[in-house]
Structures are given as C-alpha cells and as structure tokens.
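Engineer: So that you have it, the file is protein_20.txt, and it contains compact mmCIF, C-alpha atoms:
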# COMPACT_ATOMS: atom_id res chain seq x y z
CA ASP Z 1 0.00 0.00 0.00
CA GLY Z 2 1.20 3.50 -0.77
CA THR Z 3 1.27 6.66 1.27
CA GLY Z 4 -1.82 8.77 0.65
CA TYR Z 5 -1.31 12.38 -0.46
CA SER Z 6 -3.77 15.17 -1.06
CA GLY Z 7 -3.27 18.91 -1.37
CA ALA Z 8 0.09 20.63 -1.83
CA LEU Z 9 3.56 19.33 -0.94
CA ARG Z 10 6.48 21.67 -1.45
CA ASN Z 11 10.23 21.69 -0.97
CA SER Z 12 11.37 25.31 -1.18
CA SER Z 13 15.12 24.67 -1.28
CA SER Z 14 17.07 24.75 -4.53
CA ASN Z 15 18.19 21.16 -3.94
CA SER Z 16 16.52 17.99 -5.13
CA ALA Z 17 13.40 16.69 -3.41
CA SER Z 18 12.94 12.93 -3.57
CA TYR Z 19 9.92 10.81 -2.70
CA ALA Z 20 10.73 7.16 -2.03
CA GLY Z 21 8.19 4.39 -1.80
CA ASN Z 22 4.75 4.15 -3.31
CA ILE Z 23 2.21 6.96 -3.40
CA THR Z 24 -1.57 6.78 -3.73
CA LEU Z 25 -3.45 10.02 -4.18
CA ALA Z 26 -6.32 10.66 -1.80
CA GLY Z 27 -7.30 13.82 -3.69
CA ASP Z 28 -6.05 16.24 -6.31
CA THR Z 29 -2.40 16.89 -5.41
CA THR Z 30 0.44 19.29 -6.23
CA ILE Z 31 4.04 18.27 -5.57
CA SER Z 32 6.58 21.00 -6.20
CA SER Z 33 10.27 21.71 -5.75
CA ALA Z 34 12.52 24.65 -6.54
CA GLY Z 35 15.12 22.13 -7.71
CA THR Z 36 14.80 18.63 -9.16
CA LEU Z 37 11.88 16.44 -8.16
CA GLY Z 38 12.61 12.72 -7.87
CA LEU Z 39 10.17 9.81 -7.73
CA SER Z 40 11.41 6.27 -7.14
CA GLY Z 41 8.22 4.25 -6.52
CA THR Z 42 4.79 3.89 -8.04
CA VAL Z 43 2.34 6.77 -8.04
CA ASP Z 44 -1.29 5.73 -8.34
CA ILE Z 45 -3.29 8.84 -9.18
CA GLY Z 46 -6.57 6.97 -9.64
CA ASP Z 47 -9.12 9.42 -11.06
CA ARG Z 48 -7.39 12.36 -9.35
CA ASP Z 49 -5.21 15.07 -10.90
CA LEU Z 50 -1.52 15.33 -10.07
CA LEU Z 51 0.54 18.47 -10.74
CA LEU Z 52 4.33 18.12 -10.66
CA ARG Z 53 6.08 21.50 -10.62
CA ALA Z 54 9.89 21.58 -10.61
CA ASN Z 55 12.89 22.69 -12.63
CA GLY Z 56 13.98 19.07 -13.19
CA LEU Z 57 12.38 15.64 -12.99
CA SER Z 58 14.02 12.31 -12.14
CA LEU Z 59 12.02 9.08 -12.44
CA GLY Z 60 13.82 6.09 -10.94
CA PRO Z 61 14.04 2.67 -12.63
CA GLN Z 62 10.98 1.40 -10.73
CA ALA Z 63 8.99 4.63 -10.90
CA ARG Z 64 5.57 4.51 -12.52
CA VAL Z 65 2.74 7.05 -12.69
CA SER Z 66 -0.61 5.52 -13.55
CA GLY Z 67 -4.33 6.09 -13.28
CA ALA Z 68 -7.29 7.57 -15.11
CA GLY Z 69 -6.59 11.13 -13.94
CA VAL Z 70 -4.50 13.89 -15.50
CA LEU Z 71 -0.79 14.40 -14.88
CA THR Z 72 0.42 17.99 -15.36
CA LEU Z 73 4.12 18.81 -15.70
CA THR Z 74 5.23 22.40 -15.37
CA THR Z 75 8.36 24.28 -14.30
CA GLU Z 76 9.00 26.17 -11.07
CA ASP Z 77 10.81 28.80 -13.14
CA PRO Z 78 8.12 29.84 -15.67
CA THR Z 79 10.77 30.73 -18.28
CA ARG Z 80 12.47 27.32 -18.16
CA GLN Z 81 11.93 25.04 -21.13
CA ILE Z 82 10.42 21.55 -21.13
CA LEU Z 83 11.83 18.77 -23.32
CA ILE Z 84 9.74 15.68 -24.14
CA GLY Z 85 11.72 12.76 -25.52
CA GLY Z 86 15.24 13.88 -24.69
CA ALA Z 87 17.49 15.27 -21.98
CA LYS Z 88 19.04 18.71 -21.48
CA ASP Z 89 20.59 20.29 -18.41
CA ASP Z 90 18.69 23.53 -18.89
CA ALA Z 91 15.25 21.92 -19.17
CA LEU Z 92 12.69 19.90 -17.30
CA SER Z 93 13.33 16.77 -19.35
CA LEU Z 94 11.11 13.75 -19.88
CA SER Z 95 13.17 11.09 -21.68
CA THR Z 96 11.70 8.41 -23.94
CA ALA Z 97 12.19 5.95 -21.07
CA ASP Z 98 10.34 8.30 -18.72
CA ILE Z 99 7.42 8.57 -21.15
CA GLY Z 100 7.04 4.78 -21.00
CA LYS Z 101 6.64 5.02 -17.22
CA ILE Z 102 3.59 7.25 -17.52
CA GLN Z 103 0.22 5.57 -18.13
CA VAL Z 104 -2.42 8.15 -17.30
CA GLY Z 105 -5.73 9.41 -18.60
CA GLY Z 106 -4.17 12.63 -19.82
CA LEU Z 107 -0.79 14.37 -19.91
CA ARG Z 108 -0.64 18.16 -19.72
CA ILE Z 109 2.60 20.03 -20.39
CA GLY Z 110 3.50 23.70 -20.07
CA GLN Z 111 1.64 26.65 -18.46
CA GLY Z 112 4.74 28.89 -18.41
CA THR Z 113 6.44 31.19 -20.93
CA GLY Z 114 9.32 28.81 -21.64
CA ALA Z 115 9.51 26.70 -24.77
CA VAL Z 116 8.13 23.17 -24.97
CA ARG Z 117 10.21 20.93 -27.24
CA VAL Z 118 9.32 17.49 -28.56
CA GLY Z 119 12.37 15.42 -29.47
CA VAL Z 120 15.63 16.64 -30.92
CA GLN Z 121 16.13 17.65 -34.52
CA GLY Z 122 16.91 14.60 -36.63
CA GLY Z 123 16.32 12.31 -33.65
CA SER Z 124 14.14 9.26 -33.15
CA ALA Z 125 10.35 9.44 -33.00
CA VAL Z 126 8.72 10.30 -29.69
CA THR Z 127 5.88 7.91 -28.82
CA VAL Z 128 3.10 8.95 -26.43
CA THR Z 129 0.26 6.72 -25.23
CA ALA Z 130 -1.86 9.28 -23.34
CA PRO Z 131 -3.80 12.25 -24.72
CA LEU Z 132 -1.35 15.18 -24.72
CA LEU Z 133 -2.30 18.78 -24.07
CA VAL Z 134 0.39 21.44 -24.53
CA ASP Z 135 -0.43 24.73 -22.81
CA ILE Z 136 1.67 27.59 -24.19
CA SER Z 137 -1.08 30.17 -23.82
CA SER Z 138 1.08 32.36 -21.55
CA GLY Z 139 3.46 33.15 -24.42
CA GLY Z 140 5.56 30.03 -24.73
CA ARG Z 141 6.43 28.28 -27.98
CA LEU Z 142 6.11 24.66 -29.06
CA TYR Z 143 8.81 23.05 -31.21
CA ILE Z 144 8.08 19.61 -32.70
CA GLU Z 145 11.58 18.59 -33.76
CA ALA Z 146 11.14 14.81 -34.18
CA PRO Z 147 8.20 12.68 -35.35
CA LEU Z 148 5.47 12.58 -32.71
CA VAL Z 149 3.47 9.34 -32.66
CA PHE Z 150 0.38 8.60 -30.55
CA THR Z 151 -0.43 4.91 -30.15
CA GLY Z 152 -3.62 4.87 -28.07
CA ALA Z 153 -6.99 5.05 -29.83
CA ALA Z 154 -7.95 8.02 -27.62
CA SER Z 155 -4.48 9.61 -27.61
CA SER Z 156 -5.03 13.04 -29.11
CA LEU Z 157 -2.89 16.16 -29.45
CA SER Z 158 -4.24 19.51 -28.26
CA VAL Z 159 -2.19 22.72 -28.38
CA PHE Z 160 -3.40 25.98 -26.82
CA GLY Z 161 -1.15 28.89 -27.72
CA SER Z 162 -1.13 32.66 -27.66
CA GLY Z 163 -0.08 33.07 -31.29
CA SER Z 164 3.58 33.09 -30.28
CA THR Z 165 3.92 30.07 -32.24
CA THR Z 166 3.92 26.34 -32.78
CA TYR Z 167 6.87 25.29 -34.95
CA ILE Z 168 6.36 21.93 -36.67
CA ASN Z 169 9.48 20.40 -38.18
CA ALA Z 170 8.39 16.73 -38.22
CA ASP Z 171 5.28 14.60 -38.76
CA VAL Z 172 2.55 14.12 -36.16
CA THR Z 173 0.50 10.91 -36.28
CA THR Z 174 -2.39 9.69 -34.13
CA SER Z 175 -4.26 6.40 -34.30
CA GLY Z 176 -7.73 7.80 -34.82
CA ALA Z 177 -7.72 10.68 -32.31
CA GLU Z 178 -8.05 14.38 -33.03
CA ILE Z 179 -5.24 16.88 -33.67
CA TYR Z 180 -6.25 20.35 -32.49
CA ILE Z 181 -3.89 23.33 -32.67
CA GLU Z 182 -5.09 26.72 -31.44
CA ASP Z 183 -2.03 28.74 -32.38
CA ARG Z 184 -0.05 30.18 -35.24
CA VAL Z 185 1.80 27.38 -37.05
CA VAL Z 186 5.16 27.72 -38.78
CA LEU Z 187 6.52 24.84 -40.85
CA GLY Z 188 10.25 24.17 -40.87
CA ALA Z 189 9.99 21.20 -43.25
CA ASP Z 190 7.47 19.36 -45.42
CA VAL Z 191 5.15 17.94 -42.76
CA THR Z 192 2.25 15.50 -42.55
CA LEU Z 193 -0.40 15.71 -39.84
CA SER Z 194 -2.28 12.41 -39.79
CA THR Z 195 -5.04 10.90 -37.68
CA THR Z 196 -5.09 7.68 -39.71
CA GLY Z 197 -2.19 5.85 -38.09
CA SER Z 198 -2.50 2.12 -37.36
CA GLN Z 199 -5.05 1.89 -40.22
CA SER Z 200 -7.60 3.83 -38.18
CA PRO Z 201 -10.48 5.62 -39.96
CA GLY Z 202 -9.18 8.99 -38.88
CA ALA Z 203 -10.43 11.99 -36.90
CA PRO Z 204 -10.63 15.78 -37.36
CA ILE Z 205 -7.51 17.92 -37.76
CA ARG Z 206 -8.12 21.51 -36.76
CA ILE Z 207 -5.85 24.55 -36.81
CA ALA Z 208 -8.14 27.03 -35.13
CA ARG Z 209 -8.54 30.80 -35.15
CA LEU Z 210 -10.58 32.35 -32.34
CA LEU Z 211 -10.93 35.95 -33.57
CA PRO Z 212 -11.04 37.49 -37.08
CA ASN Z 213 -7.70 39.32 -36.70
CA ASP Z 214 -6.04 36.60 -34.65
CA ASN Z 215 -2.85 35.10 -36.09
CA ARG Z 216 -3.79 31.82 -34.46
CA GLY Z 217 -5.09 29.51 -37.16
CA THR Z 218 -2.56 30.68 -39.74
CA VAL Z 219 0.05 28.40 -41.35
CA ASP Z 220 3.31 29.80 -42.72
CA SER Z 221 6.69 28.62 -43.94
CA ASP Z 222 9.76 29.43 -41.89
CA SER Z 223 11.23 31.27 -44.87
CA ALA Z 224 9.82 33.01 -47.93
CA ASN Z 225 12.61 31.36 -49.91
CA SER Z 226 11.77 27.86 -48.61
CA PRO Z 227 8.12 27.01 -49.28
CA ARG Z 228 6.93 24.06 -47.22
CA ARG Z 229 4.21 21.51 -47.89
CA LEU Z 230 1.61 20.62 -45.24
CA THR Z 231 -0.25 17.35 -45.86
CA LEU Z 232 -3.35 16.53 -43.85
CA SER Z 233 -4.61 12.96 -43.57
CA ALA Z 234 -7.85 12.93 -41.59
CA GLY Z 235 -9.61 9.95 -43.13
CA THR Z 236 -13.17 10.02 -44.39
Go through the file and emit its structure as structure tokens.
Structural biologist:
Amino acid sequence: DGTGYSGALRNSSSNSASYAGNITLAGDTTISSAGTLGLSGTVDIGDRDLLLRANGLSLGPQARVSGAGVLTLTTEDPTRQILIGGAKDDALSLSTADIGKIQVGGLRIGQGTGAVRVGVQGGSAVTVTAPLLVDISSGGRLYIEAPLVFTGAASSLSVFGSGSTTYINADVTTSGAEIYIEDRVVLGADVTLSTTGSQSPGAPIRIARLLPNDNRGTVDSDSANSPRRLTLSAGT
C-alpha cells in the first residue's frame, strides 16, 4: 500500500526533493520543488489530478505514474523550457524511457512562458500513449523537432497557444484521435499531420482561429525562400 497524499507538498530549497516508496493520491495533489523532483516508486493517481512543478524531474528505474486522472508537468521557473523525448541540463526533461513510465488518462505540459520541445532535430520518433495537451497560452512556444506518434486510440494532441507560435518540423500521427492546434503554425519542413495511423479511420484535424484578426489559425513557412508543404490525412 502506498502513502496517501492530497493537497500541496512543497520543498522550497534549490536542492533535489525525492519521494521514495509508493504513493496513492487521496485527492487532487500538487508536488513541487525549486530544484529537481525525484520519484522512485509507483504513483497511483486513480481518477485524481496530479501536478508536478519543478525545474527538473528524475524518475527512478521502478517509478511509474498511472491512473485515469490527469498528470500535469510544469516548471517552477516559468521561463524554463520543457523537453519531451530527450534530456538537457537547462530543461525539465522527460526522456523516452520516462514517457514509458507514464500511463495516465491525460498528460498536460507547459503553463509557463518557456519553450516546450518534442524530441531533438533529426532524432528518433517520440511515442506517447496518453492524450497530450500542450499549454503555451502564456506566451511560450512549441517546437516539434522529431516525429510525434500517438499509439492509443484516444491519444489526441491539443495545443493551446497565444499566437507566439507552434513550430512543426516533423510529422505528427495519431491512431484515430483528433489533432487540435489553437495557435499560429510555422513549418520548418514538409510535414504530414495524420489521424489515420495504425489503419484507423481517422479523426478531425483543426488549426483554429478564435478571432477574425487573430494570427492563431494561420500556417506559414519558416522562410519566404523555402516554401513548405503541409499534408493533412484525416480519413473520411
């Protein structure tokens, strides 16, 4: 049995904060640290929501986060970047191995003004099993540098931006779940957005504009001298 947590737990020092053993949430919970946050056991969030706020994240070999609730990852320093599918010293990093340790109902990333990066340019595909919501509405930017693949039938991509821009430099593929981008989009390569992976019938792909003069909902090339092709595969 794990230790039950509910509410807010915080380590205010700049050093690492580590939680050993197993954790079961008794309610919606926030765990935060001004330094690196470490988890070494299982975290059962059930149908609760768990917010992890830190400048670094370390998931031990036996660490697992699971449940039907939503896991939110954000930085203590709102300007610090988040890297999904890689590792950098100056980012809250979630490696490909870490992603495999997360089996939740939804994964939410961002909330600050720092960049959110998916993969490294020219690197291997980043595979996600949970629905992913990227919140860059406070002025951050999203960079999709490596192919982003969603394997669950309900694993969708949602991006909420401020118009400060989502840069797509690699393909995004879901297995029948929606792709929704509420932001300005800039293409750095010929890119395919597809909801027909794994031979699924597809789902809507939306690049949304909220207001008539809003630059959200627009799609541009990264250079006037380098036109890019955007291919949409949304099924029937």
Engineer: Give me, please, the distance in Å between atom CA of Asn215 of chain Z and atom CA of Ile181 of chain Z, quoted to one decimal.
Structural biologist: 12.3 Å
Engineer: Find the residues of segment 98-195 of chain Z that sit at most 10 Å from segment 21-45 of chain Z; for each, write down the nearest two atoms and how far apart they are in Å, to one decimal. Count all atoms listed in the file. Sort by chain, then by number going up, and give it as a tab-separated table.
Structural biologist:
residue	atom	partner	partner_atom	distance
Z:Lys101	CA	Z:Thr42	CA	9.4
Z:Ile102	CA	Z:Val43	CA	9.6
Z:Gln103	CA	Z:Asp44	CA	9.9
Z:Val104	CA	Z:Ile45	CA	8.2
Z:Gly105	CA	Z:Ile45	CA	9.7
Engineer: Of the candidates Z:Leu71, Z:Ser155, Z:Val185, Z:Gly106, which shows the shortest atom-to-atom distance to Leu142 of chain Z, using all atoms listed in the file?
Structural biologist: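 Of Z:Leu71, Z:Ser155, Z:Val185, Z:Gly106, the one nearest Leu142 of chain Z, counting all atoms listed in the file, is Z:Val185.
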Engineer: So, counting all atoms listed in the file, which residue among Z:Ala234, Z:Ala97, Z:Ile205, Z:Ala130 is closest to Pro61 of chain Z?
Structural biologist: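 Closest candidate: Z:Ala97.
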Engineer: Contacts of Asp222 of chain Z at 10 Å or less, counting only C-alpha atoms, minus same-chain residues fewer than 6 places along, as a list in words?
Structural biologist: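 Result of the neighbour search: Tyr167, Ile168, Asn169, Val185, Val186, Leu187, Gly188, Ala189 and Arg228 of chain Z.
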Engineer: Would you work out the distance separating atom CA of Ile207 of chain Z from atom CA of Leu193 of chain Z, expressed in Å to one decimal?
Structural biologist: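 Separating atom CA of Ile207 of chain Z from atom CA of Leu193 of chain Z is a distance of 10.8 Å.
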Engineer: Distance atom CA of Gln121 of chain Z-atom CA of Glu145 of chain Z, one decimal place?
Structural biologist: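 So the two atoms, atom CA of Gln121 of chain Z and atom CA of Glu145 of chain Z, lie 4.7 Å apart.
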Engineer: Write out as a list of chain:residue names which residues come within 9 Å of segment 135-138 of chain Z when counting all atoms listed in the file, dropping same-chain ones fewer than 2 positions away.
Structural biologist: Z:Arg108, Z:Ile109, Z:Gly110, Z:Gln111, Z:Gly112, Z:Thr113, Z:Gly114, Z:Ala115, Z:Val116, Z:Leu133, Z:Gly140, Z:Arg141, Z:Leu142, Z:Ser158, Z:Val159, Z:Phe160, Z:Gly161, Z:Ser162, Z:Gly163, Z:Ser164, Z:Thr165, Z:Thr166, Z:Asp183
Engineer: Which residue, Z:Leu232, Z:Ala203, Z:Leu210, Z:Ala54, has the smallest gap to Asp190 of chain Z when you use all atoms listed in the file?
Structural biologist: Z:Leu232
Engineer: Can you tell me, as a ChimeraX atom specification, what residues are no more than 9 Å from Gly119 of chain Z when counting all atoms listed in the file, ignoring any on the same chain fewer than 4 positions away?
Structural biologist: /Z:83-86,95-96,123-126,143-148
Engineer: Which residues, written as a VMD selection string, have at least one atom at most 9 Å from Asp90 of chain Z, with only C-alpha atoms counted and residues fewer than 4 positions away on the same chain left out?
Structural biologist: chain Z and resid 55 to 56 80 to 82
Engineer: Find the residues near Phe150 of chain Z: any atom within 12 Å, counting all atoms listed in the file, skip ones fewer than 2 places away on the same chain, and give them as a CSV table (one decimal) with C-alpha atoms, in the frame of the given file.
Structural biologist:
chain,number,residue,atom,x,y,z
Z,99,ILE,CA,7.4,8.6,-21.2
Z,125,ALA,CA,10.4,9.4,-33.0
Z,126,VAL,CA,8.7,10.3,-29.7
Z,127,THR,CA,5.9,7.9,-28.8
Z,128,VAL,CA,3.1,9.0,-26.4
Z,129,THR,CA,0.3,6.7,-25.2
Z,130,ALA,CA,-1.9,9.3,-23.3
Z,131,PRO,CA,-3.8,12.2,-24.7
Z,132,LEU,CA,-1.4,15.2,-24.7
Z,147,PRO,CA,8.2,12.7,-35.4
Z,148,LEU,CA,5.5,12.6,-32.7
Z,152,GLY,CA,-3.6,4.9,-28.1
Z,153,ALA,CA,-7.0,5.0,-29.8
Z,154,ALA,CA,-8.0,8.0,-27.6
Z,155,SER,CA,-4.5,9.6,-27.6
Z,156,SER,CA,-5.0,13.0,-29.1
Z,157,LEU,CA,-2.9,16.2,-29.4
Z,171,ASP,CA,5.3,14.6,-38.8
Z,172,VAL,CA,2.6,14.1,-36.2
Z,173,THR,CA,0.5,10.9,-36.3
Z,174,THR,CA,-2.4,9.7,-34.1
Z,175,SER,CA,-4.3,6.4,-34.3
Z,176,GLY,CA,-7.7,7.8,-34.8
Z,177,ALA,CA,-7.7,10.7,-32.3
Z,178,GLU,CA,-8.0,14.4,-33.0
Z,179,ILE,CA,-5.2,16.9,-33.7
Z,193,LEU,CA,-0.4,15.7,-39.8
Z,194,SER,CA,-2.3,12.4,-39.8
Z,195,THR,CA,-5.0,10.9,-37.7
Z,196,THR,CA,-5.1,7.7,-39.7
Z,197,GLY,CA,-2.2,5.8,-38.1
Z,198,SER,CA,-2.5,2.1,-37.4
Engineer: Taking all atoms listed in the file into account, name the residue in Z:Gly69, Z:Gly122, Z:Tyr19, Z:Thr192 that is nearest to Val149 of chain Z.
Structural biologist: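 Once distances to Val149 of chain Z are computed over all atoms listed in the file, the minimum belongs to Z:Thr192.
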